[in-house]
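Trainee: Got a structure for you, written out below as structure tokens; questions coming shortly.
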Amino acid sequence: MKKIVLTVMAMFCMVTTFAENAETKNVELYNMDVNMRSIQRALSLNKEQTEQFADLHKTFCAEMMFAANAKDEDKVNEMVRLAVNKDLKYMSYILNTNQYRKYIMLLNATMRNRGLLNNN
């Protein structure tokens, strides 16, 4: 009897761990943290732009994490779309035309690689 109880408990722990990892993996897709030095180099940002970019990117990351925690898939997609549109709008104010184009390409590649880009 003791072996059966221990076996059932072990199976329960494995299932719980698996379910927890599946949920965490989904949330990790929405983590948009970046290496600021790499972005600064890639976009040729000056000091002022780097500071503004960092502030705006923190907001974008927070909005993406809110989207990741939404329950309804349609709500998630809508929240991601709004977060991206808001981020692009604000980035257009601090980046010049060439920097903005590069940023769009980088963001698009990131979203596509993570499977977050809807091909509508």
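Within each chain, counting starts at residue 1; across the structure tokens, chains are named A, B, ... in the order shown, with ligands numbered 1 upward in that order.
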Which residues, written as a list of chain:residue names, have at least one atom at most 12 Å from Glu48 in chain A, with only C-alpha atoms counted and residues fewer than 5 positions away on the same chain left out?
Mentor: A:Gln40, A:Phe53, A:Ala54, A:Asp55, A:Ile94, A:Leu95
Trainee: Go ahead and save the picked residues with all heavy atoms, as a compact mmCIF listing (two decimals), in the first residue's frame.
Mentor:
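Contents of part00.txt, freshly written:
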# COMPACT_ATOMS: atom_id res chain seq x y z
N GLN A 40 22.00 49.29 -29.06
CA GLN A 40 22.65 50.58 -29.25
C GLN A 40 23.60 50.54 -30.45
O GLN A 40 23.61 51.46 -31.26
CB GLN A 40 23.42 50.97 -27.98
CG GLN A 40 24.09 52.32 -28.05
CD GLN A 40 24.85 52.64 -26.78
OE1 GLN A 40 25.11 51.77 -25.95
NE2 GLN A 40 25.21 53.89 -26.63
N PHE A 53 15.12 55.01 -25.40
CA PHE A 53 14.81 53.66 -25.90
C PHE A 53 14.63 52.71 -24.72
O PHE A 53 13.68 51.92 -24.69
CB PHE A 53 15.92 53.16 -26.83
CG PHE A 53 15.63 51.83 -27.44
CD1 PHE A 53 15.05 51.75 -28.69
CD2 PHE A 53 15.92 50.65 -26.77
CE1 PHE A 53 14.77 50.51 -29.26
CE2 PHE A 53 15.64 49.42 -27.33
CZ PHE A 53 15.06 49.35 -28.58
N ALA A 54 15.53 52.77 -23.75
CA ALA A 54 15.45 51.87 -22.58
C ALA A 54 14.14 52.08 -21.82
O ALA A 54 13.49 51.10 -21.43
CB ALA A 54 16.64 52.09 -21.67
N ASP A 55 13.75 53.33 -21.63
CA ASP A 55 12.49 53.61 -20.92
C ASP A 55 11.28 53.08 -21.68
O ASP A 55 10.40 52.44 -21.11
CB ASP A 55 12.33 55.12 -20.69
CG ASP A 55 13.31 55.66 -19.67
OD1 ASP A 55 13.84 54.86 -18.86
OD2 ASP A 55 13.55 56.88 -19.69
N ILE A 94 11.61 58.90 -31.37
CA ILE A 94 13.00 59.04 -30.90
C ILE A 94 14.04 58.54 -31.90
O ILE A 94 15.20 58.87 -31.76
CB ILE A 94 13.20 58.33 -29.54
CG1 ILE A 94 13.03 56.82 -29.66
CG2 ILE A 94 12.29 58.90 -28.49
CD1 ILE A 94 13.51 56.07 -28.45
N LEU A 95 13.62 57.75 -32.89
CA LEU A 95 14.58 57.21 -33.86
C LEU A 95 14.46 57.96 -35.18
O LEU A 95 13.38 58.39 -35.57
CB LEU A 95 14.30 55.72 -34.10
CG LEU A 95 14.35 54.80 -32.87
CD1 LEU A 95 13.94 53.39 -33.26
CD2 LEU A 95 15.72 54.82 -32.23
Trainee: What are the DSSP alpha helix (DSSP H) residues of range 28-67 of chain A, as a PyMOL selection string?
Mentor: chain A and resi 28-29+36-43+47-67
Trainee: Using only C-alpha atoms, find the one residue out of A:Glu51, A:Arg81, A:Glu63, A:Leu117 that sits nearest to Arg37 in chain A.
Mentor: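 Closest to Arg37 in chain A of all the choices is A:Glu51.
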Trainee: Fewer than 5 positions away in the same chain doesn't count, so skip those; otherwise give me all residues within 9 Å of range 100-106 of chain A, counting only C-alpha atoms, as a list in words.
Mentor: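 Neighbouring residues, sequence-local ones excluded: Ile39, Ala42, Leu43, Leu88, Met91, Ser92, Ile94, Leu95 and Met111 of chain A.
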Trainee: Write the residues of the selection above to a file with all heavy atoms, as an mmCIF file, in the first residue's frame.
Mentor:
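Result file follows (selection_28.cif):
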data_model
loop_
_atom_site.group_PDB
_atom_site.id
_atom_site.type_symbol
_atom_site.label_atom_id
_atom_site.label_comp_id
_atom_site.auth_asym_id
_atom_site.auth_seq_id
_atom_site.Cartn_x
_atom_site.Cartn_y
_atom_site.Cartn_z
ATOM 1 N N ILE A 39 21.587 46.537 -29.057
ATOM 2 C CA ILE A 39 20.615 47.409 -29.724
ATOM 3 C C ILE A 39 21.247 48.764 -30.023
ATOM 4 O O ILE A 39 21.060 49.326 -31.100
ATOM 5 C CB ILE A 39 19.341 47.577 -28.860
ATOM 6 C CG1 ILE A 39 18.526 46.290 -28.866
ATOM 7 C CG2 ILE A 39 18.492 48.742 -29.313
ATOM 8 C CD1 ILE A 39 17.857 45.985 -30.178
ATOM 9 N N ALA A 42 23.508 48.217 -32.977
ATOM 10 C CA ALA A 42 22.776 47.882 -34.202
ATOM 11 C C ALA A 42 22.044 49.094 -34.778
ATOM 12 O O ALA A 42 21.978 49.268 -35.994
ATOM 13 C CB ALA A 42 21.786 46.757 -33.937
ATOM 14 N N LEU A 43 21.504 49.916 -33.902
ATOM 15 C CA LEU A 43 20.734 51.077 -34.355
ATOM 16 C C LEU A 43 21.545 52.371 -34.356
ATOM 17 O O LEU A 43 21.025 53.411 -34.758
ATOM 18 C CB LEU A 43 19.495 51.265 -33.472
ATOM 19 C CG LEU A 43 18.492 50.121 -33.449
ATOM 20 C CD1 LEU A 43 17.354 50.434 -32.490
ATOM 21 C CD2 LEU A 43 17.963 49.830 -34.832
ATOM 22 N N LEU A 88 5.850 50.955 -31.542
ATOM 23 C CA LEU A 88 6.309 51.515 -32.817
ATOM 24 C C LEU A 88 5.999 53.005 -32.918
ATOM 25 O O LEU A 88 6.809 53.785 -33.433
ATOM 26 C CB LEU A 88 5.682 50.762 -33.984
ATOM 27 C CG LEU A 88 6.173 49.330 -34.189
ATOM 28 C CD1 LEU A 88 5.387 48.653 -35.297
ATOM 29 C CD2 LEU A 88 7.657 49.299 -34.476
ATOM 30 N N MET A 91 8.551 54.770 -30.679
ATOM 31 C CA MET A 91 9.905 54.653 -31.224
ATOM 32 C C MET A 91 10.091 55.570 -32.435
ATOM 33 O O MET A 91 11.187 56.067 -32.679
ATOM 34 C CB MET A 91 10.229 53.207 -31.608
ATOM 35 C CG MET A 91 10.423 52.294 -30.440
ATOM 36 S SD MET A 91 11.790 52.792 -29.393
ATOM 37 C CE MET A 91 11.701 51.553 -28.126
ATOM 38 N N SER A 92 9.019 55.801 -33.170
ATOM 39 C CA SER A 92 9.134 56.674 -34.339
ATOM 40 C C SER A 92 9.482 58.105 -33.936
ATOM 41 O O SER A 92 10.040 58.851 -34.730
ATOM 42 C CB SER A 92 7.847 56.649 -35.159
ATOM 43 O OG SER A 92 6.802 57.306 -34.478
ATOM 44 N N ILE A 94 11.613 58.898 -31.370
ATOM 45 C CA ILE A 94 12.996 59.035 -30.900
ATOM 46 C C ILE A 94 14.036 58.542 -31.897
ATOM 47 O O ILE A 94 15.204 58.875 -31.765
ATOM 48 C CB ILE A 94 13.196 58.327 -29.541
ATOM 49 C CG1 ILE A 94 13.029 56.825 -29.662
ATOM 50 C CG2 ILE A 94 12.292 58.904 -28.494
ATOM 51 C CD1 ILE A 94 13.513 56.069 -28.445
ATOM 52 N N LEU A 95 13.624 57.750 -32.888
ATOM 53 C CA LEU A 95 14.576 57.208 -33.862
ATOM 54 C C LEU A 95 14.464 57.960 -35.185
ATOM 55 O O LEU A 95 13.385 58.391 -35.567
ATOM 56 C CB LEU A 95 14.303 55.720 -34.101
ATOM 57 C CG LEU A 95 14.346 54.801 -32.872
ATOM 58 C CD1 LEU A 95 13.940 53.387 -33.264
ATOM 59 C CD2 LEU A 95 15.719 54.819 -32.232
ATOM 60 N N MET A 111 9.564 38.787 -33.342
ATOM 61 C CA MET A 111 8.179 38.310 -33.220
ATOM 62 C C MET A 111 7.949 37.059 -34.073
ATOM 63 O O MET A 111 7.283 36.123 -33.644
ATOM 64 C CB MET A 111 7.202 39.413 -33.614
ATOM 65 C CG MET A 111 7.298 40.684 -32.793
ATOM 66 S SD MET A 111 6.739 40.499 -31.115
ATOM 67 C CE MET A 111 4.981 40.537 -31.362
#
Trainee: Pick from A:Asn85, A:Ser44, A:Asn69, A:Asn98: nearest to Leu29 in chain A, with only C-alpha atoms counted?
Mentor: A:Asn69
Trainee: Which residue gives the smallest distance to Arg112 in chain A among A:Ser38, A:Tyr30, A:Leu82, A:Ala70, with only C-alpha atoms counted?
Mentor: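 Among the listed residues, A:Tyr30 lies closest to Arg112 in chain A.
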Trainee: Select, from A:Glu28, A:Asp74, A:Gln99, A:Ala62, the residue with the minimum atom-to-atom distance to Asn46 in chain A, counting only C-alpha atoms.
Mentor: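 The closest residue to Asn46 in chain A is A:Gln99.
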